[in-house]
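Trainee: Sharing a structure below in structure tokens format, with a few things to ask.
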Amino acid sequence: MSIKHFYGIVHLYVGVHLGFDEALVRICNHEPTLEDLTLLLRSTDNQLTELINQASDVRELGGREVSYSRNVFLPITNLCRNRCWYCGFRRDPGDSEAWFMSLGRVAELLERARDAACSEALFTLGERPEVHAEVGRALRELGYEMMIDYLEDLCQFTLSLGLLPHTNVGVISEREMRRLRRLNASMGLMLECAADLPAHRDSPGKDPLLRLEVIETAGKLRVPFTTGLLIGIGESFEDRALSLLSIKKIHDEYGHIQEIIIQNFVPKPNTPMANCPGPSIEELLAIVATARLLMPEMNIQVPPNLLDFKCGLETFLLAGANDLGGISSVTPDFINPDHPWPSVVELRASIERAGFVPCERLPIYPRYARNPKFMSREVRKVVQDLADENGYRRG
Ligand code: SF4
């Protein structure tokens, strides 16, 4: 190696390291640029350790609690207008595995959830399933015109059982959100990624601008809102940085985003992305830690059934995660059926083993459960019955 080449490498290394240090200082001072975030998200080895250490200090200020909620998972139909390349959930009309849940089936699961002391009814759908004639027919047979009419009745029934609906049905209009807000404790829409990706080429509802608009509408309507990133679907480090900044910008304006989910892509058989590897643990840790530093007070969720905790749950919690999402003893994870949720007992034990304090929450996070502006009268009544004085689930 020539001396010139050697000094070139040293100069490059020092430059990258200085860039990392400066980016870390700027994010801690709440003034990071897109480039800073991109650099932090690329962290590996010693830089990743440094990033996690910084995030861990910030996390400590928020306490040692790690929350989760007990839910019943109700995917009303797996028909969908989109065709995401990584999706193993969606089915075509006429497929033997396509389904539409009847009122009777939903009621039975909700009653089991009430008996199992769940607090959350998670309603999901394929997006705008009415584009398929089969769904229109099924709705008409039940006496409904549109899916939103059916959902309203399901949410109303859920509240009457003393459970709280959390609806996540893709891109909806402001009018539809207003109707659902009255009957939902919180709602959600994964941003997934703020950049256009090939994996979403056949999915009109995955236009990032549309999704950001829905998240913003939720802010205007004061809906406690869950969003998140799907990691490993072909996005770049810069796309991830842009996604985090986009969410932060909306939250800074409206203050309604109650949690950000950092979800790792898991390849599903018989999909166009079946052979794509998921993201590395290092990439996921870098995102969790960067999100924690970018939004110190945000709840950051990682899914306990999808992550390979081979580096230890503790590392993710130290990096800044403080929520492990909804888990169910009543229904499976229909989206990821090969990855069963842990039981509540297992989950609590693993949080305690990692040195943290498990806390059961409602679908609406404590900060919002204690703020009447973020709830309708109908929802508030059930929240008051279920929540303790700190806004967590009453014991
Ligand atoms: S929107 Fe959801 S259900 Fe529809 S194809 Fe995409 S991931 Fe699957």
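Identifiers for the structure tokens are assigned positionally: chains receive A, B, ... in sequence, residues are indexed from 1 per chain, and ligands are indexed from 1 in the order shown.
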Grab me every residue within 6 Å of ligand 1, counting only C-alpha atoms and all ligand atoms, and send it over as a PyMOL selection string.

Mentor: chain A and resi 80+82-84+87+89-90+126-127

Trainee: Quick one: residues within 9 Å of A:Gly205, only C-alpha atoms, excluding same-chain residues fewer than 3 positions away - as a VMD selection string?

Mentor: chain A and resid 81 to 82 127 to 128 170 to 171 200 208 210 to 211

Trainee: Could you take the residues named above and write them with C-alpha atoms, as an mmCIF file, in the first residue's frame?

Mentor:
data_model
loop_
_atom_site.group_PDB
_atom_site.id
_atom_site.type_symbol
_atom_site.label_atom_id
_atom_site.label_comp_id
_atom_site.auth_asym_id
_atom_site.auth_seq_id
_atom_site.Cartn_x
_atom_site.Cartn_y
_atom_site.Cartn_z
ATOM 1 C CA ARG A 81 -57.064 -3.345 -2.702
ATOM 2 C CA ASN A 82 -53.240 -3.319 -2.349
ATOM 3 C CA GLU A 127 -57.313 -1.713 2.833
ATOM 4 C CA ARG A 128 -60.567 -0.613 1.145
ATOM 5 C CA GLY A 170 -55.369 1.734 6.200
ATOM 6 C CA VAL A 171 -55.935 4.998 4.379
ATOM 7 C CA HIS A 200 -45.354 -0.718 -2.943
ATOM 8 C CA PRO A 208 -46.300 7.896 1.524
ATOM 9 C CA LEU A 210 -51.404 9.772 1.439
ATOM 10 C CA ARG A 211 -50.320 8.039 4.612
#

Trainee: May I have the residues within 12 Å of stretch 29-42 of chain A as a PyMOL selection string, using only C-alpha atoms and disregarding those fewer than 3 positions away in the same chain?

Mentor: chain A and resi 15-26+45-52+54-55+231+236-246+248+280+282-296

Trainee: Just write the chosen residues, N, CA and C atoms, as a compact mmCIF listing (two decimals), in the first residue's frame.

Mentor:
# COMPACT_ATOMS: atom_id res chain seq x y z
N GLY A 15 -12.62 11.22 9.21
CA GLY A 15 -13.75 12.04 8.74
C GLY A 15 -15.08 11.42 9.14
N VAL A 16 -15.22 10.10 8.92
CA VAL A 16 -16.48 9.42 9.26
C VAL A 16 -16.72 9.49 10.76
N HIS A 17 -15.65 9.27 11.55
CA HIS A 17 -15.80 9.26 12.99
C HIS A 17 -16.21 10.64 13.49
N LEU A 18 -15.52 11.68 12.96
CA LEU A 18 -15.89 13.04 13.38
C LEU A 18 -17.33 13.33 13.02
N GLY A 19 -17.72 12.89 11.83
CA GLY A 19 -19.11 13.09 11.38
C GLY A 19 -20.07 12.43 12.35
N PHE A 20 -19.74 11.23 12.81
CA PHE A 20 -20.60 10.51 13.75
C PHE A 20 -20.70 11.28 15.06
N ASP A 21 -19.55 11.70 15.59
CA ASP A 21 -19.56 12.43 16.87
C ASP A 21 -20.40 13.70 16.77
N GLU A 22 -20.22 14.41 15.65
CA GLU A 22 -20.98 15.66 15.48
C GLU A 22 -22.47 15.38 15.36
N ALA A 23 -22.79 14.31 14.65
CA ALA A 23 -24.21 13.94 14.48
C ALA A 23 -24.82 13.60 15.84
N LEU A 24 -24.03 12.91 16.66
CA LEU A 24 -24.52 12.53 18.00
C LEU A 24 -24.76 13.78 18.85
N VAL A 25 -23.84 14.72 18.76
CA VAL A 25 -24.02 15.96 19.53
C VAL A 25 -25.27 16.70 19.04
N ARG A 26 -25.42 16.76 17.72
CA ARG A 26 -26.57 17.52 17.19
C ARG A 26 -27.90 16.86 17.55
N ASP A 45 -20.67 -1.64 15.26
CA ASP A 45 -19.52 -1.83 16.18
C ASP A 45 -19.47 -0.75 17.27
N ASN A 46 -18.30 -0.08 17.38
CA ASN A 46 -18.12 0.86 18.50
C ASN A 46 -19.10 2.03 18.44
N GLN A 47 -19.37 2.47 17.21
CA GLN A 47 -20.30 3.61 17.09
C GLN A 47 -21.70 3.20 17.55
N LEU A 48 -22.10 1.98 17.23
CA LEU A 48 -23.43 1.52 17.66
C LEU A 48 -23.47 1.44 19.19
N THR A 49 -22.37 0.96 19.79
CA THR A 49 -22.32 0.90 21.25
C THR A 49 -22.47 2.30 21.84
N GLU A 50 -21.78 3.26 21.23
CA GLU A 50 -21.85 4.64 21.72
C GLU A 50 -23.27 5.20 21.57
N LEU A 51 -23.87 4.90 20.42
CA LEU A 51 -25.24 5.37 20.16
C LEU A 51 -26.21 4.79 21.19
N ILE A 52 -26.06 3.50 21.47
CA ILE A 52 -26.96 2.85 22.43
C ILE A 52 -26.72 3.42 23.84
N GLN A 54 -25.79 6.42 24.63
CA GLN A 54 -26.44 7.75 24.71
C GLN A 54 -27.95 7.58 24.85
N ALA A 55 -28.51 6.67 24.04
CA ALA A 55 -29.96 6.46 24.06
C ALA A 55 -30.39 5.91 25.41
N ILE A 231 -39.15 -2.16 8.57
CA ILE A 231 -37.72 -2.10 8.23
C ILE A 231 -37.29 -3.31 7.42
N SER A 236 -33.64 2.69 1.93
CA SER A 236 -32.24 3.02 2.23
C SER A 236 -32.15 3.57 3.65
N PHE A 237 -30.92 3.77 4.12
CA PHE A 237 -30.74 4.39 5.44
C PHE A 237 -31.34 5.80 5.43
N GLU A 238 -31.16 6.48 4.31
CA GLU A 238 -31.69 7.85 4.23
C GLU A 238 -33.23 7.84 4.26
N ASP A 239 -33.83 6.82 3.63
CA ASP A 239 -35.30 6.71 3.67
C ASP A 239 -35.77 6.53 5.12
N ARG A 240 -35.02 5.74 5.87
CA ARG A 240 -35.40 5.53 7.29
C ARG A 240 -35.31 6.85 8.05
N ALA A 241 -34.24 7.59 7.77
CA ALA A 241 -34.08 8.89 8.45
C ALA A 241 -35.24 9.82 8.08
N LEU A 242 -35.61 9.82 6.81
CA LEU A 242 -36.71 10.67 6.35
C LEU A 242 -38.02 10.25 7.03
N SER A 243 -38.22 8.97 7.20
CA SER A 243 -39.45 8.48 7.84
C SER A 243 -39.52 8.99 9.28
N LEU A 244 -38.42 8.85 10.01
CA LEU A 244 -38.42 9.31 11.41
C LEU A 244 -38.67 10.81 11.49
N LEU A 245 -38.00 11.57 10.61
CA LEU A 245 -38.18 13.03 10.64
C LEU A 245 -39.61 13.44 10.27
N SER A 246 -40.20 12.71 9.32
CA SER A 246 -41.57 13.04 8.89
C SER A 246 -42.55 12.83 10.04
N LYS A 248 -41.81 12.83 13.24
CA LYS A 248 -41.52 13.83 14.29
C LYS A 248 -42.15 15.18 13.94
N SER A 280 -30.70 -6.60 9.79
CA SER A 280 -29.86 -7.17 10.86
C SER A 280 -30.27 -6.59 12.21
N GLU A 282 -28.29 -5.27 14.25
CA GLU A 282 -27.58 -3.99 14.42
C GLU A 282 -28.38 -2.84 13.81
N GLU A 283 -28.94 -3.09 12.62
CA GLU A 283 -29.74 -2.03 11.98
C GLU A 283 -30.94 -1.66 12.85
N LEU A 284 -31.58 -2.69 13.42
CA LEU A 284 -32.78 -2.43 14.24
C LEU A 284 -32.41 -1.68 15.52
N LEU A 285 -31.30 -2.09 16.11
CA LEU A 285 -30.88 -1.39 17.33
C LEU A 285 -30.55 0.07 17.02
N ALA A 286 -29.91 0.30 15.87
CA ALA A 286 -29.55 1.68 15.51
C ALA A 286 -30.82 2.52 15.30
N ILE A 287 -31.87 1.92 14.74
CA ILE A 287 -33.12 2.69 14.54
C ILE A 287 -33.78 2.99 15.88
N VAL A 288 -33.85 1.98 16.73
CA VAL A 288 -34.48 2.20 18.04
C VAL A 288 -33.73 3.30 18.80
N ALA A 289 -32.41 3.22 18.81
CA ALA A 289 -31.62 4.20 19.57
C ALA A 289 -31.74 5.59 18.95
N THR A 290 -31.72 5.66 17.63
CA THR A 290 -31.83 6.97 16.97
C THR A 290 -33.21 7.57 17.22
N ALA A 291 -34.25 6.73 17.14
CA ALA A 291 -35.60 7.23 17.40
C ALA A 291 -35.70 7.74 18.84
N ARG A 292 -35.09 7.01 19.78
CA ARG A 292 -35.14 7.44 21.19
C ARG A 292 -34.47 8.80 21.37
N LEU A 293 -33.32 8.99 20.70
CA LEU A 293 -32.62 10.28 20.84
C LEU A 293 -33.37 11.40 20.13
N LEU A 294 -34.00 11.06 19.01
CA LEU A 294 -34.72 12.08 18.24
C LEU A 294 -35.99 12.52 18.96
N MET A 295 -36.66 11.55 19.60
CA MET A 295 -37.93 11.86 20.29
C MET A 295 -37.88 11.27 21.70
N PRO A 296 -37.20 11.96 22.61
CA PRO A 296 -36.95 11.38 23.94
C PRO A 296 -38.20 10.91 24.67

Trainee: List the spatial neighbours of stretch 140-151 of chain A as a ChimeraX atom specification - criterion: any atom at most 12 Å away, only C-alpha atoms, same-chain residues fewer than 4 positions off excluded.

Mentor: /A:74-77,100-104,106,121-136,155-158,165-170,172-173,175-184

Trainee: Selected residues, C-alpha atoms, written as a CSV table (one decimal), in the first residue's frame, please.

Mentor:
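As written to disk, result.csv reads:
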chain,number,residue,atom,x,y,z
A,74,LEU,CA,-59.8,-9.0,14.8
A,75,PRO,CA,-58.8,-9.0,11.2
A,76,ILE,CA,-62.3,-8.6,9.7
A,77,THR,CA,-61.2,-9.5,6.2
A,100,PHE,CA,-64.9,-12.1,6.1
A,101,MET,CA,-65.7,-12.2,9.8
A,102,SER,CA,-69.4,-12.3,10.6
A,103,LEU,CA,-70.9,-10.3,13.5
A,104,GLY,CA,-71.4,-13.6,15.3
A,106,VAL,CA,-66.6,-11.1,16.1
A,121,ALA,CA,-60.0,-4.9,20.5
A,122,LEU,CA,-57.6,-4.5,17.6
A,123,PHE,CA,-59.7,-4.2,14.4
A,124,THR,CA,-57.7,-4.5,11.1
A,125,LEU,CA,-58.6,-5.1,7.5
A,126,GLY,CA,-57.1,-5.3,4.1
A,127,GLU,CA,-57.3,-1.7,2.8
A,128,ARG,CA,-60.6,-0.6,1.1
A,129,PRO,CA,-61.8,-4.2,0.7
A,130,GLU,CA,-65.1,-2.9,-0.8
A,131,VAL,CA,-63.3,-2.7,-4.2
A,132,HIS,CA,-64.0,-6.5,-4.3
A,133,ALA,CA,-67.6,-7.3,-5.1
A,134,GLU,CA,-67.6,-10.2,-2.6
A,135,VAL,CA,-67.1,-7.8,0.3
A,136,GLY,CA,-69.9,-5.6,-0.9
A,155,CYS,CA,-66.8,-0.7,17.8
A,156,GLN,CA,-70.1,0.2,19.5
A,157,PHE,CA,-70.6,-3.4,20.6
A,158,THR,CA,-67.0,-3.6,21.8
A,165,PRO,CA,-61.5,-0.5,20.2
A,166,HIS,CA,-58.2,0.4,18.4
A,167,THR,CA,-58.8,0.4,14.6
A,168,ASN,CA,-56.2,0.2,12.0
A,169,VAL,CA,-57.8,0.0,8.6
A,170,GLY,CA,-55.4,1.7,6.2
A,172,ILE,CA,-59.3,6.5,5.3
A,173,SER,CA,-60.9,9.9,4.7
A,175,ARG,CA,-65.0,12.0,7.5
A,176,GLU,CA,-64.5,8.2,8.1
A,177,MET,CA,-61.9,9.0,10.8
A,178,ARG,CA,-64.3,11.4,12.6
A,179,ARG,CA,-66.9,8.6,12.7
A,180,LEU,CA,-64.4,6.1,14.1
A,181,ARG,CA,-62.9,8.5,16.5
A,182,ARG,CA,-66.1,8.6,18.5
A,183,LEU,CA,-65.9,4.9,19.2
A,184,ASN,CA,-62.1,4.3,19.3

Trainee: Go through A:Ser160, A:Ser56, A:Thr217, A:Ser69 and flag the residue nearest A:Ala117, using only C-alpha atoms for the distances.

Mentor: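 The shortest atom-to-atom distance to A:Ala117 comes from A:Ser69.
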
Trainee: With distances taken over only C-alpha atoms, which residue among A:Gly94, A:Gly325, A:Pro277, A:Pro332 lies nearest A:Pro358?

Mentor: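 Among the listed residues, the smallest separation from A:Pro358 belongs to A:Gly325.
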
Trainee: Out of stretch 121-336 of chain A, which residues get helix (DSSP H, G or I) from DSSP, as a ChimeraX atom specification?

Mentor: /A:129-131,133-142,147-160,174-181,198-200,204-206,208-220,237-254,281-294,309-311,313-319

Trainee: For a test of reading the model, state the distance in Å between atom CA of A:Gln258 and atom CA of A:Ser186, rounded to one decimal.

Mentor: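 Atom CA of A:Ser186 lies 8.9 Å from atom CA of A:Gln258.
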
Trainee: Which residues, written as number ranges by chain, have at least one atom at most 9 Å from A:Asn71, with only C-alpha atoms counted and residues fewer than 3 positions away on the same chain left out?

Mentor: A: 113, 117-122, 326-331, 362-363

Trainee: List every residue of stretch 178-352 of chain A that DSSP, applied to the backbone of this structure, places in strand (DSSP E), and write the result as a PyMOL selection string.

Mentor: chain A and resi 186-188+225-231+257-264+299-301+323-327

Trainee: So how far away is atom CA of A:Arg394 from atom CA of A:Tyr68, in Å?

Mentor: 13.4 Å

Trainee: From the set A:Val58, A:Ala194, A:Ile257, A:Ala199, which residue has the shortest atom-to-atom contact distance to A:Leu221, counting only C-alpha atoms?

Mentor: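 Closest to A:Leu221 of all the choices is A:Ile257.
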
Trainee: Could you pull the residues within 8 Å of A:Ile215, counting only C-alpha atoms, minus those fewer than 5 positions along the same chain, as a CSV table (one decimal) with C-alpha atoms, in the first residue's frame?

Mentor:
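For reference, part.csv as written:
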chain,number,residue,atom,x,y,z
A,189,LEU,CA,-51.6,3.5,10.5
A,225,PHE,CA,-52.3,7.6,17.1
A,227,THR,CA,-47.6,4.6,13.6
A,250,ILE,CA,-46.3,15.9,12.4

Trainee: Identify, on the basis of only C-alpha atoms, every residue whose closest approach to A:Arg393 does not exceed 8 Å; exclude the query and any residue fewer than 4 positions from it along the same chain; express the result as a PyMOL selection string.

Mentor: chain A and resi 360-362+386-388

Trainee: Out of A:Cys359, A:Phe316, A:Leu79, A:Glu111, which residue has the shortest atom-to-atom distance to A:Ala98 when counting only C-alpha atoms?

Mentor: A:Leu79
